[in-house]
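Trainee: Got a structure here, written out as structure tokens. Questions coming.
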Amino acid sequence: KVLINGINGKMGSEVAKLIKQHPNMHLMGGLDKNAMYNLAYPVYNDFNNIFELPNVIIDFSTPEATIGILDFAISKNIALVIATTGFTEEQQAKILNASKHIAVFQSANMSYEIALMKDIVSSLSQKLPNSEIEIVETHHNSKLDSPSGTAMMLADSINRKSGNKYTYIFNRHENRQKRSKNEIGFSSIRGGNIVGEHSVLFFSDDESLEVKHIAYSRAVYAKGALKAAKFIINKPAGFYTMNDLI
């Protein structure tokens with residue numbers, strides 16, 4: 001039994017569509033700031049109105065909405081899959097604290113191939129230690145956070161593998177200086193209805209190498225969220241990621 005937090009959004013509605021087609025999952029409805037009557041499933045704007053409890057909540061919402069359901073999930077012992085991005089350090093700390101009480105699965109990107117890309121680029125950073133690294137990401141015009149959570153996840157995987165030697169540069173307009181070796185630059189493009197594109201580029205003086213992932217459908221992320229939900233449903237309290245699922 002699944003409840004979707006942010007069910008009226010692009011990703012929430014995609015997850016709802018897939019659950020309705022799934023033989024072993026039942027969509028109990030969802031939470032959204034804009035509650036509305038729906039013949040297919042109920043949509044609530046207050047979790048206190050939810051009387052039949054789900055086994056798992058799939059969260060594609062906003063950071064504030066995610067934090068808002070933590071206490072509810074803990075009090076009712078409901079597993080939580082978080083696919084929302086853009087959390088502050090304080091908000092992330094609250095999520096980690098919640099994982100002491102319930103099973104929490106969190107990933108900035110639910111794509112299996114993005115998980116592979118993360119491993120590939122972190123490994124390449126070791127084989128190309130003198131390269132200059134840039135990350136370019138492109139998304140639809142409704143995306144709120146910038147750079148994307150996936151871009152940050154890719155950068156963090158490189159930085160951890162490299163002993164945290166890199167600093168992150170998000171706005172070169174404010175930096176009137178030459179590029180340093182130990183930095184990762186980010187470029188964010190927003191427009192149209194692009195689902196998601198991520199490129200990690202490694203530059204040397206004489207050549208460059210690019211690793212790129214393109215998502216052609218939001219179903220990629222929705223399917224990943226359902227896999228995460230099935231994975232976490234009987235897990236003990238703890239913090240789980242795509243690495244655990246893989």
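Labels used: A, B, ... for chains in the order of the structure tokens, numbers from 1 for residues in each chain, and numbers from 1 for ligands as shown.
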For A:Asn5, work out the shell of residues within 12 Å, counting only C-alpha atoms and skipping chain neighbours fewer than 5 positions away, then give it as a ChimeraX atom specification.
Mentor: /A:10-13,15-16,27-35,43-47,54,56-70,72-73,80-84
Trainee: Please identify all polymer residues within 7 Å of A:Gly238, counting only C-alpha atoms, omitting same-chain residues fewer than 5 positions from it, and present them as JSON, numbers by chain.
Mentor: {"A": [99, 100, 102, 103, 104]}
Trainee: Could you give me, as a tab-separated table, every stretch 147-195 of chain A residue with an atom at most 7 Å from stretch 117-129 of chain A, plus its closest atom pair and distance in Å to one decimal, counting only C-alpha atoms, rows ordered by chain then number?
Mentor:
```
residue	atom	partner	partner_atom	distance
A:Leu154	CA	A:Lys118	CA	5.4
A:Ser157	CA	A:Ser122	CA	5.7
A:Ile158	CA	A:Ser122	CA	4.3
A:Lys161	CA	A:Ser122	CA	6.1
```
Trainee: Can you write just those residues out, all heavy atoms, as a short mmCIF file (atom, residue, chain, number, x, y, z; two decimals), in the first residue's frame?
Mentor:
```cif
data_model
loop_
_atom_site.label_atom_id
_atom_site.label_comp_id
_atom_site.auth_asym_id
_atom_site.auth_seq_id
_atom_site.Cartn_x
_atom_site.Cartn_y
_atom_site.Cartn_z
N LEU A 154 26.90 13.52 -8.32
CA LEU A 154 28.05 13.14 -9.16
C LEU A 154 29.32 13.83 -8.67
O LEU A 154 30.38 13.19 -8.57
CB LEU A 154 27.76 13.51 -10.61
CG LEU A 154 26.64 12.73 -11.30
CD1 LEU A 154 26.29 13.37 -12.64
CD2 LEU A 154 27.03 11.27 -11.50
N SER A 157 30.55 12.29 -5.38
CA SER A 157 31.19 10.99 -5.55
C SER A 157 32.64 11.15 -6.00
O SER A 157 33.52 10.40 -5.57
CB SER A 157 30.41 10.13 -6.55
OG SER A 157 30.53 10.63 -7.88
N ILE A 158 32.88 12.14 -6.88
CA ILE A 158 34.25 12.43 -7.32
C ILE A 158 35.08 12.98 -6.17
O ILE A 158 36.22 12.57 -5.94
CB ILE A 158 34.23 13.44 -8.49
CG1 ILE A 158 33.60 12.80 -9.73
CG2 ILE A 158 35.63 13.96 -8.80
CD1 ILE A 158 33.33 13.78 -10.85
N LYS A 161 36.09 10.39 -3.53
CA LYS A 161 37.12 9.49 -4.05
C LYS A 161 38.48 10.19 -4.11
O LYS A 161 39.53 9.54 -4.08
CB LYS A 161 36.72 9.04 -5.46
CG LYS A 161 37.47 7.83 -5.98
CD LYS A 161 36.81 6.55 -5.53
CE LYS A 161 37.38 5.36 -6.28
NZ LYS A 161 36.72 4.10 -5.91
#
```
Trainee: Neighbouring residues of A:Asp205 were defined as those with any atom within 12 Å, considering only C-alpha atoms; residues of the same chain fewer than 3 positions away were excluded. Please report them as JSON, numbers by chain.
Mentor: {"A": [130, 131, 132, 202, 208, 209]}
Trainee: Just list as an MDAnalysis selection string whatever in stretch 61-234 of chain A DSSP marks as strand (DSSP E).
Mentor: chainID A and resid 79:82 103:106 132:139 167:169 183:190 196:203 208:215
Trainee: Just list as a PyMOL selection string whatever in stretch 38-150 of chain A DSSP marks as alpha helix (DSSP H).
Mentor: chain A and resi 63-75+89-98+112-127+149-150
Trainee: Have a look at A:Ile7, A:Tyr41, A:Ile74, A:Asn109 and name the one nearest to A:Lys223; count only C-alpha atoms.
Mentor: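 Among the listed residues, A:Asn109 lies closest to A:Lys223.
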Trainee: My list of candidates is A:Ile184, A:Ala155, A:Ala93, A:Ile169. Which is closest to A:Glu134 when distances are computed with only C-alpha atoms?
Mentor: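 Among the listed residues, A:Ile184 lies closest to A:Glu134.
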Trainee: May I ask which of the residues A:Ala151, A:Val136, A:Met25, A:Ile19 is the closest one to A:Ile233, counting only C-alpha atoms?
Mentor: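 Residue with the minimum atom-to-atom distance to A:Ile233: A:Met25.
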Trainee: Which is closest to A:Tyr240 among A:Ile214, A:Ile194, A:Ile95, A:Ile4, if we use only C-alpha atoms?
Mentor: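 Ranking A:Ile214, A:Ile194, A:Ile95, A:Ile4 by distance to A:Tyr240, first place goes to A:Ile95.
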Trainee: Measuring between only C-alpha atoms, which one of A:Leu18, A:Leu144, A:Ala225, A:Val220 shows the shortest distance to A:Gly191?
Mentor: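 Counting only C-alpha atoms, the residue closest to A:Gly191 is A:Leu144.
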Trainee: Between atom CA of A:Met153 and atom CA of A:Asn55, what distance in Å does the model show, to one decimal?
Mentor: 28.0 Å
Trainee: Restricting the calculation to only C-alpha atoms: of A:Arg176, A:His198, A:His22, A:Lys165, which residue gets closest to A:Val211?
Mentor: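 Residue with the minimum atom-to-atom distance to A:Val211: A:His198.
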Trainee: If we count only C-alpha atoms, what is near A:Leu116 at a cut-off of 10 Å, once residues fewer than 4 positions away on the same chain are taken out, given as a list in words?
Mentor: Ser111, Tyr112, Ile120, Val121, Met242, Asn243 and Ile246 of chain A
